[in-house]
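What follows is the content of protein26.txt, which has compact mmCIF, C-alpha atoms:
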```txt
# COMPACT_ATOMS: atom_id res chain seq x y z
CA MET A 1 -8.54 38.76 -23.94
CA LYS A 2 -9.26 35.94 -26.35
CA ASN A 3 -6.22 33.92 -25.39
CA THR A 4 -6.47 34.33 -21.62
CA ILE A 5 -7.20 31.21 -19.58
CA ILE A 6 -8.40 31.57 -15.98
CA ILE A 7 -7.10 29.07 -13.42
CA HIS A 8 -9.71 27.12 -11.42
CA PRO A 9 -9.29 24.93 -8.34
CA LEU A 10 -8.67 21.29 -9.26
CA THR A 11 -11.60 18.99 -8.51
CA PRO A 12 -12.12 15.30 -9.40
CA LYS A 13 -15.29 16.17 -11.32
CA LEU A 14 -13.76 18.88 -13.50
CA PHE A 15 -10.64 16.75 -14.08
CA GLU A 16 -12.49 13.50 -14.85
CA PRO A 17 -12.21 13.74 -18.68
CA PHE A 18 -8.43 14.02 -18.34
CA GLY A 19 -7.55 11.72 -15.45
CA ASP A 20 -7.71 11.25 -11.69
CA VAL A 21 -7.01 13.60 -8.81
CA ILE A 22 -4.76 11.82 -6.32
CA ASP A 23 -5.64 12.72 -2.75
CA THR A 24 -7.12 11.05 0.32
CA ASN A 25 -10.66 12.22 -0.48
CA ASN A 26 -10.94 10.54 -3.83
CA SER A 27 -11.32 6.80 -3.21
CA ASP A 28 -12.75 4.12 -0.99
CA SER A 29 -10.73 3.60 2.17
CA PHE A 30 -10.41 0.90 4.79
CA LEU A 31 -8.28 0.10 7.82
CA ILE A 32 -5.28 -2.22 7.65
CA ASN A 33 -2.39 -3.13 9.98
CA LYS A 34 -4.62 -3.74 13.01
CA GLY A 35 -6.31 -0.38 12.64
CA ASN A 36 -3.09 1.64 12.56
CA CYS A 37 -3.28 2.56 8.89
CA THR A 38 -6.03 3.80 6.56
CA ARG A 39 -5.62 2.55 2.99
CA HIS A 40 -7.10 5.07 0.53
CA HIS A 41 -7.35 2.32 -2.01
CA SER A 42 -6.80 2.31 -5.74
CA ILE A 43 -7.15 6.05 -6.27
CA SER A 44 -5.91 5.59 -9.83
CA ASP A 45 -4.72 2.89 -12.23
CA VAL A 46 -1.27 2.95 -13.80
CA ILE A 47 -2.04 2.18 -17.44
CA ILE A 48 0.42 0.77 -19.98
CA GLU A 49 -1.19 0.28 -23.39
CA ASP A 50 1.41 -1.89 -25.12
CA ASP A 51 3.38 -5.08 -24.47
CA ALA A 52 6.70 -3.28 -25.04
CA GLY A 53 6.08 -0.93 -22.11
CA LYS A 54 6.48 -1.19 -18.35
CA PRO A 55 5.55 1.09 -15.43
CA ILE A 56 8.44 2.92 -13.76
CA ILE A 57 8.95 5.28 -10.82
CA SER A 58 10.95 8.48 -11.41
CA ILE A 59 11.41 11.85 -9.71
CA PHE A 60 11.12 15.13 -11.64
CA SER A 61 12.92 18.15 -10.15
CA ALA A 62 11.39 21.18 -11.86
CA THR A 63 12.15 24.88 -11.80
CA PRO A 64 9.20 26.86 -10.39
CA TYR A 65 7.27 29.11 -12.77
CA SER A 66 5.57 32.46 -12.15
CA LEU A 67 2.06 33.61 -12.98
CA PRO A 68 0.87 34.73 -15.44
CA TYR A 69 2.26 31.72 -17.31
CA THR A 70 2.63 31.80 -21.09
CA LEU A 71 1.60 28.47 -22.62
CA THR A 72 3.01 27.71 -26.03
CA LEU A 73 3.28 23.92 -26.09
CA VAL A 74 1.39 20.86 -24.92
CA GLU A 75 2.31 17.18 -25.21
CA ARG A 76 0.72 13.75 -24.84
CA HIS A 77 1.80 10.15 -24.27
CA PRO A 78 -0.32 7.71 -26.33
CA LEU A 79 0.99 4.53 -24.70
CA GLY A 80 0.62 5.19 -20.98
CA SER A 81 -0.77 7.16 -18.09
CA GLN A 82 1.47 9.67 -16.33
CA ALA A 83 1.10 10.54 -12.65
CA PHE A 84 2.63 13.54 -10.87
CA ILE A 85 2.55 13.65 -7.09
CA PRO A 86 4.23 16.56 -5.26
CA MET A 87 6.86 15.58 -2.66
CA HIS A 88 6.16 18.86 -0.82
CA ASP A 89 3.17 20.92 0.32
CA ASN A 90 3.10 23.47 -2.49
CA PRO A 91 0.36 23.55 -5.11
CA PHE A 92 1.17 23.32 -8.81
CA LEU A 93 -0.45 24.33 -12.06
CA VAL A 94 -2.20 21.67 -14.18
CA ILE A 95 -2.96 22.41 -17.83
CA VAL A 96 -4.92 19.96 -20.00
CA CYS A 97 -6.79 20.06 -23.32
CA GLU A 98 -9.48 18.07 -25.04
CA ASP A 99 -8.46 16.61 -28.39
CA LYS A 100 -10.25 17.04 -31.70
CA ASN A 101 -8.84 15.16 -34.67
CA GLY A 102 -5.34 15.20 -33.22
CA ILE A 103 -5.42 18.92 -32.38
CA PRO A 104 -5.50 20.10 -28.74
CA GLN A 105 -8.45 22.41 -28.07
CA THR A 106 -8.66 25.45 -25.76
CA PRO A 107 -6.68 24.66 -22.59
CA HIS A 108 -8.14 24.19 -19.12
CA ALA A 109 -5.98 25.37 -16.21
CA PHE A 110 -6.26 24.13 -12.63
CA ILE A 111 -4.37 24.77 -9.42
CA THR A 112 -3.94 21.92 -6.96
CA LYS A 113 -4.41 22.02 -3.22
CA PRO A 114 -1.36 21.08 -1.12
CA ARG A 115 -0.68 17.30 -1.32
CA GLN A 116 -2.90 16.79 -4.35
CA GLY A 117 -1.44 14.91 -7.29
CA ILE A 118 -2.83 13.90 -10.68
CA ASN A 119 -2.74 10.89 -12.97
CA LEU A 120 -3.25 11.76 -16.64
CA LYS A 121 -5.03 9.21 -18.83
CA PRO A 122 -3.02 7.93 -21.79
CA ASN A 123 -3.08 10.26 -24.81
CA THR A 124 -4.20 13.34 -22.82
CA TRP A 125 -2.82 16.68 -23.99
CA HIS A 126 -1.11 18.46 -21.09
CA GLY A 127 1.35 21.23 -20.33
CA VAL A 128 4.81 20.48 -18.99
CA LEU A 129 5.26 20.19 -15.21
CA THR A 130 4.71 23.66 -13.72
CA PRO A 131 5.33 24.09 -10.02
CA LEU A 132 4.67 27.67 -8.94
CA SER A 133 7.19 30.09 -7.53
CA LYS A 134 7.12 31.39 -4.00
CA HIS A 135 5.33 34.55 -5.15
CA ASP A 136 2.28 32.53 -6.07
CA VAL A 137 1.98 29.98 -3.31
CA LEU A 138 1.83 29.88 0.46
CA LYS A 139 5.22 28.44 1.24
CA PRO A 140 8.62 29.23 -0.26
CA LEU A 141 9.95 26.56 -2.56
CA ASN A 142 13.49 25.40 -2.74
CA LYS A 143 15.20 26.22 -5.99
CA SER A 144 13.67 23.12 -7.55
CA SER A 145 10.47 21.30 -6.78
CA ASP A 146 10.35 17.49 -6.63
CA PHE A 147 7.49 15.35 -7.93
CA LEU A 148 7.12 11.61 -7.90
CA VAL A 149 6.26 10.43 -11.41
CA ILE A 150 4.79 7.09 -12.44
CA ASP A 151 4.73 6.54 -16.18
CA ARG A 152 5.74 4.21 -18.99
CA SER A 153 9.17 3.16 -20.17
CA ASP A 154 10.23 0.76 -22.88
CA THR A 155 11.08 -2.69 -21.58
CA ASN A 156 14.12 -3.08 -23.80
CA ASP A 157 15.87 -1.55 -26.77
CA THR A 158 12.68 -0.88 -28.67
CA GLN A 159 11.88 2.82 -28.55
CA ALA A 160 8.14 3.13 -29.01
CA ASN A 161 6.80 6.54 -29.91
CA ASN A 162 5.19 7.67 -26.69
CA LEU A 163 5.56 11.45 -27.10
CA GLU A 164 3.59 13.81 -29.29
CA GLU A 165 4.01 17.59 -29.04
CA TYR A 166 1.88 20.46 -30.30
CA THR A 167 2.84 24.14 -30.50
CA PHE A 168 -0.12 26.55 -30.47
CA PRO A 169 -0.23 29.08 -33.34
CA GLN A 170 -0.74 31.77 -30.68
CA PRO A 171 0.33 31.44 -27.02
CA TYR A 172 -2.20 31.36 -24.21
CA ILE A 173 -1.83 33.48 -21.06
CA ILE A 174 -2.69 31.46 -17.95
CA GLN A 175 -3.64 33.57 -14.94
CA THR A 176 -5.66 33.63 -11.75
CA THR A 177 -8.26 36.28 -12.64
CA MET B 178 20.11 -8.77 23.94
CA LYS B 179 19.59 -11.56 21.48
CA ASN B 180 16.42 -10.14 20.02
CA THR B 181 17.52 -6.52 19.76
CA ILE B 182 17.91 -5.09 16.26
CA ILE B 183 19.87 -1.87 15.73
CA ILE B 184 18.57 0.64 13.17
CA HIS B 185 20.98 1.71 10.41
CA PRO B 186 20.72 4.52 7.88
CA LEU B 187 19.06 3.35 4.65
CA THR B 188 21.45 3.11 1.69
CA PRO B 189 20.87 1.69 -1.81
CA LYS B 190 23.69 -0.81 -1.32
CA LEU B 191 22.43 -2.22 1.98
CA PHE B 192 18.87 -2.28 0.66
CA GLU B 193 19.68 -3.85 -2.73
CA PRO B 194 18.67 -7.44 -1.79
CA PHE B 195 15.22 -6.19 -0.81
CA GLY B 196 14.43 -3.46 -3.31
CA ASP B 197 15.25 0.08 -4.44
CA VAL B 198 15.73 3.29 -2.50
CA ILE B 199 13.70 6.03 -4.18
CA ASP B 200 15.47 9.38 -4.08
CA THR B 201 17.12 11.78 -6.51
CA ASN B 202 20.60 10.29 -5.98
CA ASN B 203 19.77 6.79 -7.10
CA SER B 204 19.35 6.87 -10.88
CA ASP B 205 20.52 8.37 -14.13
CA SER B 206 19.14 11.83 -14.74
CA PHE B 207 18.73 14.13 -17.72
CA LEU B 208 17.15 17.47 -18.57
CA ILE B 209 13.71 17.73 -20.15
CA ASN B 210 11.23 20.57 -20.81
CA LYS B 211 13.83 22.89 -22.39
CA GLY B 212 16.16 22.50 -19.43
CA ASN B 213 13.57 23.44 -16.81
CA CYS B 214 13.22 19.96 -15.35
CA THR B 215 15.63 17.20 -14.33
CA ARG B 216 14.22 13.72 -14.85
CA HIS B 217 15.71 11.29 -12.32
CA HIS B 218 14.76 8.46 -14.60
CA SER B 219 13.47 5.00 -13.85
CA ILE B 220 14.58 4.83 -10.23
CA SER B 221 12.57 1.64 -9.82
CA ASP B 222 10.30 -0.70 -11.79
CA VAL B 223 6.72 -1.38 -10.76
CA ILE B 224 6.53 -5.17 -11.06
CA ILE B 225 3.33 -7.20 -11.48
CA GLU B 226 4.03 -10.92 -11.72
CA ASP B 227 0.68 -12.23 -12.99
CA ASP B 228 -1.79 -11.48 -15.77
CA ALA B 229 -4.64 -11.03 -13.26
CA GLY B 230 -2.88 -8.09 -11.61
CA LYS B 231 -2.57 -4.39 -12.39
CA PRO B 232 -0.53 -1.54 -10.87
CA ILE B 233 -2.49 0.97 -8.80
CA ILE B 234 -1.81 4.18 -6.90
CA SER B 235 -3.07 4.47 -3.30
CA ILE B 236 -2.33 6.60 -0.25
CA PHE B 237 -1.68 5.06 3.17
CA SER B 238 -2.35 7.28 6.21
CA ALA B 239 -0.54 5.62 9.11
CA THR B 240 -0.35 6.30 12.82
CA PRO B 241 3.21 7.17 13.89
CA TYR B 242 5.08 4.66 16.06
CA SER B 243 7.63 5.25 18.82
CA LEU B 244 11.06 3.75 19.35
CA PRO B 245 11.95 1.23 20.59
CA TYR B 246 9.52 -0.59 18.28
CA THR B 247 8.40 -4.12 19.07
CA LEU B 248 8.27 -6.23 15.91
CA THR B 249 6.04 -9.27 16.03
CA LEU B 250 4.88 -9.71 12.43
CA VAL B 251 6.17 -9.39 8.89
CA GLU B 252 4.37 -9.87 5.60
CA ARG B 253 5.13 -10.29 1.90
CA HIS B 254 3.36 -9.92 -1.44
CA PRO B 255 4.37 -12.69 -3.89
CA LEU B 256 2.70 -11.17 -6.95
CA GLY B 257 3.98 -7.61 -7.03
CA SER B 258 6.37 -4.92 -5.89
CA GLN B 259 5.21 -2.39 -3.30
CA ALA B 260 6.51 1.17 -3.15
CA PHE B 261 6.15 3.60 -0.22
CA ILE B 262 7.03 7.24 -0.78
CA PRO B 263 6.49 9.73 2.07
CA MET B 264 4.32 12.76 1.23
CA HIS B 265 6.14 14.75 3.93
CA ASP B 266 9.71 15.39 5.11
CA ASN B 267 9.81 12.95 8.04
CA PRO B 268 11.89 9.77 7.99
CA PHE B 269 10.29 6.38 8.54
CA LEU B 270 11.41 2.97 9.73
CA VAL B 271 12.00 0.20 7.17
CA ILE B 272 12.14 -3.41 8.32
CA VAL B 273 12.97 -6.26 5.94
CA CYS B 274 14.07 -9.90 6.21
CA GLU B 275 15.81 -12.42 4.01
CA ASP B 276 13.79 -15.58 3.37
CA LYS B 277 14.91 -19.15 3.97
CA ASN B 278 12.50 -21.92 2.94
CA GLY B 279 9.50 -19.66 3.46
CA ILE B 280 10.64 -18.43 6.90
CA PRO B 281 11.75 -14.80 7.42
CA GLN B 282 15.23 -14.60 8.91
CA THR B 283 16.64 -12.07 11.42
CA PRO B 284 15.22 -8.64 10.53
CA HIS B 285 17.21 -5.69 9.20
CA ALA B 286 16.04 -2.23 10.29
CA PHE B 287 16.76 1.01 8.44
CA ILE B 288 15.79 4.64 8.91
CA THR B 289 15.18 6.78 5.83
CA LYS B 290 16.44 10.28 5.20
CA PRO B 291 13.74 12.91 4.58
CA ARG B 292 12.16 12.46 1.12
CA GLN B 293 13.51 8.94 0.66
CA GLY B 294 11.08 6.23 -0.36
CA ILE B 295 11.46 2.53 -1.04
CA ASN B 296 10.18 -0.01 -3.53
CA LEU B 297 10.13 -3.58 -2.20
CA LYS B 298 10.75 -6.40 -4.67
CA PRO B 299 7.92 -8.94 -4.99
CA ASN B 300 7.92 -11.58 -2.25
CA THR B 301 10.12 -9.58 0.16
CA TRP B 302 9.37 -9.99 3.87
CA HIS B 303 8.77 -6.57 5.44
CA GLY B 304 7.25 -4.93 8.49
CA VAL B 305 4.06 -2.90 8.25
CA LEU B 306 4.34 0.81 7.46
CA THR B 307 6.02 2.51 10.44
CA PRO B 308 6.29 6.28 10.36
CA LEU B 309 8.00 7.59 13.49
CA SER B 310 6.47 9.86 16.10
CA LYS B 311 7.58 13.39 16.78
CA HIS B 312 9.79 12.20 19.62
CA ASP B 313 12.01 10.33 17.21
CA VAL B 314 12.28 12.64 14.24
CA LEU B 315 13.19 16.21 13.49
CA LYS B 316 9.78 17.61 12.66
CA PRO B 317 6.45 17.07 14.36
CA LEU B 318 4.05 14.87 12.44
CA ASN B 319 0.38 15.42 12.08
CA LYS B 320 -1.72 12.77 13.76
CA SER B 321 -1.35 10.56 10.72
CA SER B 322 1.41 10.32 8.18
CA ASP B 323 0.64 9.98 4.45
CA PHE B 324 2.58 7.79 2.02
CA LEU B 325 2.04 7.30 -1.68
CA VAL B 326 1.85 3.57 -2.39
CA ILE B 327 2.24 1.84 -5.75
CA ASP B 328 1.39 -1.82 -5.67
CA ARG B 329 -0.70 -4.57 -7.23
CA SER B 330 -4.45 -5.00 -7.36
CA ASP B 331 -6.60 -7.64 -9.01
CA THR B 332 -7.95 -6.57 -12.38
CA ASN B 333 -11.38 -8.04 -11.78
CA ASP B 334 -13.29 -10.32 -9.45
CA THR B 335 -10.50 -12.84 -9.14
CA GLN B 336 -8.83 -12.49 -5.75
CA ALA B 337 -5.30 -13.78 -6.13
CA ASN B 338 -3.41 -14.59 -2.95
CA ASN B 339 -0.95 -11.73 -2.72
CA LEU B 340 -0.48 -11.59 1.05
CA GLU B 341 1.50 -13.90 3.31
CA GLU B 342 2.06 -13.12 6.98
CA TYR B 343 4.51 -14.51 9.54
CA THR B 344 4.44 -14.05 13.31
CA PHE B 345 7.82 -14.44 15.01
CA PRO B 346 7.93 -16.94 17.92
CA GLN B 347 9.60 -14.19 19.97
CA PRO B 348 9.27 -10.44 19.27
CA TYR B 349 12.24 -8.34 18.18
CA ILE B 350 13.03 -4.97 19.78
CA ILE B 351 14.02 -2.41 17.13
CA GLN B 352 16.04 0.52 18.48
CA THR B 353 18.63 3.12 17.56
CA THR B 354 21.53 1.96 19.76
```

Translate the structure of the given file into structure tokens.
Amino acid sequence: MKNTIIIHPLTPKLFEPFGDVIDTNNSDSFLINKGNCTRHHSISDVIIEDDAGKPIISIFSATPYSLPYTLTLVERHPLGSQAFIPMHDNPFLVIVCEDKNGIPQTPHAFITKPRQGINLKPNTWHGVLTPLSKHDVLKPLNKSSDFLVIDRSDTNDTQANNLEEYTFPQPYIIQTT
Amino acid sequence: MKNTIIIHPLTPKLFEPFGDVIDTNNSDSFLINKGNCTRHHSISDVIIEDDAGKPIISIFSATPYSLPYTLTLVERHPLGSQAFIPMHDNPFLVIVCEDKNGIPQTPHAFITKPRQGINLKPNTWHGVLTPLSKHDVLKPLNKSSDFLVIDRSDTNDTQANNLEEYTFPQPYIIQTT
């Protein structure tokens, strides 16, 4: 089907145009604390593009989705990176698109391994947070699925425009095979 | 014993002088993504004090410790906040000290609830990362315990001095009762 997108395993190489994969295999590492701790160092930068922004830590509690997933909308944040790191062992679905003249192109869909997170580069088209339901993953989820999120907020009353949305003329069906 | 420190449960109020507790109960929240996601918003700020610094995302894999824990050393980072968020459901031990004229005072020891993290304010004396062994917590740990860390790095070849250490003249014994 023309509008079917197949999900692939997330790898740093495939994801590189869109951001960083956050896991212990994806950076230099060295010992600290008298050898009792390995620092997997600087896996990704938190990027804030403007002086009116600051980096903040939030938690997103999201309802799990089922596959196949119908994708109608993507969004992007021009002024900052956005990182999602699962606070549990379940994989989640990552959807990203290249941009061409302000229009998101055909989506790419990835599934994470347990304990993998991502950090999206500023201005990267992406789907909303999509944890997967217990039918699609190894372990049952609670009714909501928590992710640590590191992104940009305004420093004061200024409300910079850091959200752009795009609705596809025809939905995409995201599935495993 | 003079040098015995009793561990207390971590609460935002007790921890306020030292930083923020990162969990879903400790911020404003609102619905996003058409009601499918609760954003527990801006639980804590990532703070970088100098122009030569940038916020980065790392993972620390630390060997679990046992209780009672013998505390000999604390450290602080003058130029940035440092957040530790467990990537598992086990609690960990948090040790912090007030400062007086550059000298850390009597330590405070806290134990987290599962899925609680912390963000230390810049220049806050703290113990090294201390996950607890399977003897002290509900669930067995793997041989190392992973934490997401958000802290400061230098932006380029400049190496700012962002680490200060202090060894106590006499160790403290940190225990539950």

Residue contacts of Pro78 (chain A) (8 Å, all atoms listed in the file) excluding same-chain residues fewer than 2 positions away, as a PyMOL selection string = chain A and resi 76+80+122-124+162-164

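Between chain A and the residues B:Phe345, B:Phe195, B:Phe269, B:Phe324, the shortest atom-to-atom distance, using all atoms listed in the file, involves B:Phe324.
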
List the neighbours of Leu244 (chain B) out to 8 Å using all atoms listed in the file; skip same-chain residues closer than 4 positions along the sequence, and give me the result as an mmCIF file with C-alpha atoms, in the coordinates of the input.
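For reference, result36.cif as written:
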```cif
data_model
loop_
_atom_site.group_PDB
_atom_site.id
_atom_site.type_symbol
_atom_site.label_atom_id
_atom_site.label_comp_id
_atom_site.auth_asym_id
_atom_site.auth_seq_id
_atom_site.Cartn_x
_atom_site.Cartn_y
_atom_site.Cartn_z
ATOM 1 C CA LEU B 309 8.000 7.590 13.490
ATOM 2 C CA ASP B 313 12.010 10.330 17.210
ATOM 3 C CA ILE B 351 14.020 -2.410 17.130
ATOM 4 C CA GLN B 352 16.040 0.520 18.480
ATOM 5 C CA THR B 353 18.630 3.120 17.560
#
```

Enter the distance from CA of Val271 (chain B) to CA of Ile47 (chain A), in Å, rounded to one decimal.
-> 28.4 Å

Report as a tab-separated table the residues of chain B within 8 Å of chain A, each with its shortest atom pair and distance in Å (one decimal), using all atoms listed in the file, ordered by chain and increasing residue number.
```
residue	atom	partner	partner_atom	distance
B:Asp200	CA	A:Ile59	CA	7.4
B:Thr201	CA	A:Ile59	CA	6.5
B:Asn210	CA	A:Val128	CA	6.7
B:Asn213	CA	A:Thr63	CA	5.4
B:Cys214	CA	A:Ala62	CA	4.1
B:Thr215	CA	A:Ser61	CA	5.1
B:Arg216	CA	A:Phe60	CA	4.7
B:His217	CA	A:Ile59	CA	5.1
B:His218	CA	A:Ser58	CA	5.0
B:Ser219	CA	A:Ser58	CA	4.9
B:Ile220	CA	A:Ser58	CA	5.3
B:Ser221	CA	A:Ile57	CA	5.2
B:Asp222	CA	A:Ile56	CA	4.5
B:Val223	CA	A:Pro55	CA	5.4
B:Ile224	CA	A:Pro55	CA	7.7
B:Lys231	CA	A:Val46	CA	7.6
B:Pro232	CA	A:Val46	CA	5.4
B:Ile233	CA	A:Asp45	CA	4.5
B:Ile234	CA	A:Ser44	CA	5.2
B:Ser235	CA	A:Ser42	CA	5.0
B:Ile236	CA	A:His40	CA	5.1
B:Phe237	CA	A:Arg39	CA	4.7
B:Ser238	CA	A:Thr38	CA	5.1
B:Ala239	CA	A:Cys37	CA	4.1
B:Thr240	CA	A:Asn36	CA	5.4
B:Pro263	CA	A:Met87	CA	7.5
B:Met264	CA	A:Met87	CA	5.4
B:His265	CA	A:His88	CA	6.3
B:Asp266	CA	A:His88	CA	7.7
B:Arg292	CA	A:Met87	CA	7.2
B:Val305	CA	A:Asn33	CA	6.7
B:Leu306	CA	A:Cys37	CA	7.9
B:Ser330	CA	A:Ser42	CA	7.8
```

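Using all atoms listed in the file, the shortest contact distance between Thr249 (chain B) and any of B:Asn333, B:Asn202, B:Thr188, B:Asn180 is found at B:Asn180.
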
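Remark: for Pro17 (chain A), the closest of the candidate residues A:Ile173, A:Val96, A:Ala160, A:Ile111 is A:Val96 (distances computed over only C-alpha atoms).
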
Of A:Phe110, A:Phe15, A:Tyr166, A:Tyr172, the one sitting nearest His77 (chain A) when using only C-alpha atoms is A:Tyr166

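Atom to atom, CA of Leu191 (chain B) and CA of Thr283 (chain B) stand 14.8 Å apart.
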
For CA of Lys290 (chain B) and CA of Pro186 (chain B), quote the distance in Å rounded to one decimal.
-> 7.7 Å

Go through B:Thr332, B:Thr354, B:Ser258, B:Gln347 one by one, measure the shortest atom-to-atom distance of each to Ile295 (chain B) using all atoms listed in the file, and give the residue with the smallest value.
-> B:Ser258

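Among the candidates A:Gly102, A:Pro131, A:Gly19, A:Pro107, the one nearest to Glu165 (chain A) when counting all atoms listed in the file is A:Gly102.
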
Taking the partial coordinates given, rebuild region 58-69 of chain A to contain N, CA, C and O atoms; return it as a short mmCIF file (atom, residue, chain, number, x, y, z; two decimals), in the frame of the given file.
```cif
data_model
loop_
_atom_site.label_atom_id
_atom_site.label_comp_id
_atom_site.auth_asym_id
_atom_site.auth_seq_id
_atom_site.Cartn_x
_atom_site.Cartn_y
_atom_site.Cartn_z
N SER A 58 9.89 7.49 -11.24
CA SER A 58 10.95 8.48 -11.41
C SER A 58 10.67 9.67 -10.51
O SER A 58 9.60 9.75 -9.89
N ILE A 59 11.63 10.58 -10.39
CA ILE A 59 11.41 11.85 -9.71
C ILE A 59 11.75 12.97 -10.68
O ILE A 59 12.82 12.94 -11.30
N PHE A 60 10.85 13.94 -10.84
CA PHE A 60 11.12 15.13 -11.64
C PHE A 60 11.43 16.29 -10.69
O PHE A 60 10.65 16.56 -9.78
N SER A 61 12.57 16.95 -10.92
CA SER A 61 12.92 18.15 -10.15
C SER A 61 12.77 19.35 -11.09
O SER A 61 13.60 19.53 -11.99
N ALA A 62 11.73 20.14 -10.89
CA ALA A 62 11.39 21.18 -11.86
C ALA A 62 11.58 22.58 -11.30
O ALA A 62 11.32 22.84 -10.13
N THR A 63 12.03 23.47 -12.15
CA THR A 63 12.15 24.88 -11.80
C THR A 63 10.75 25.48 -11.64
O THR A 63 9.90 25.29 -12.49
N PRO A 64 10.52 26.22 -10.55
CA PRO A 64 9.20 26.86 -10.39
C PRO A 64 8.95 27.95 -11.44
O PRO A 64 9.88 28.63 -11.87
N TYR A 65 7.71 28.09 -11.82
CA TYR A 65 7.27 29.11 -12.77
C TYR A 65 6.50 30.21 -12.04
O TYR A 65 6.04 30.00 -10.92
N SER A 66 6.36 31.37 -12.70
CA SER A 66 5.57 32.46 -12.15
C SER A 66 4.28 32.62 -12.94
O SER A 66 4.20 32.22 -14.10
N LEU A 67 3.30 33.24 -12.29
CA LEU A 67 2.06 33.61 -12.98
C LEU A 67 2.11 35.10 -13.34
O LEU A 67 2.68 35.87 -12.58
N PRO A 68 1.51 35.55 -14.43
CA PRO A 68 0.87 34.73 -15.44
C PRO A 68 1.88 33.87 -16.20
O PRO A 68 3.02 34.26 -16.39
N TYR A 69 1.41 32.67 -16.62
CA TYR A 69 2.26 31.72 -17.31
C TYR A 69 1.88 31.72 -18.79
O TYR A 69 0.70 31.68 -19.14
#
```
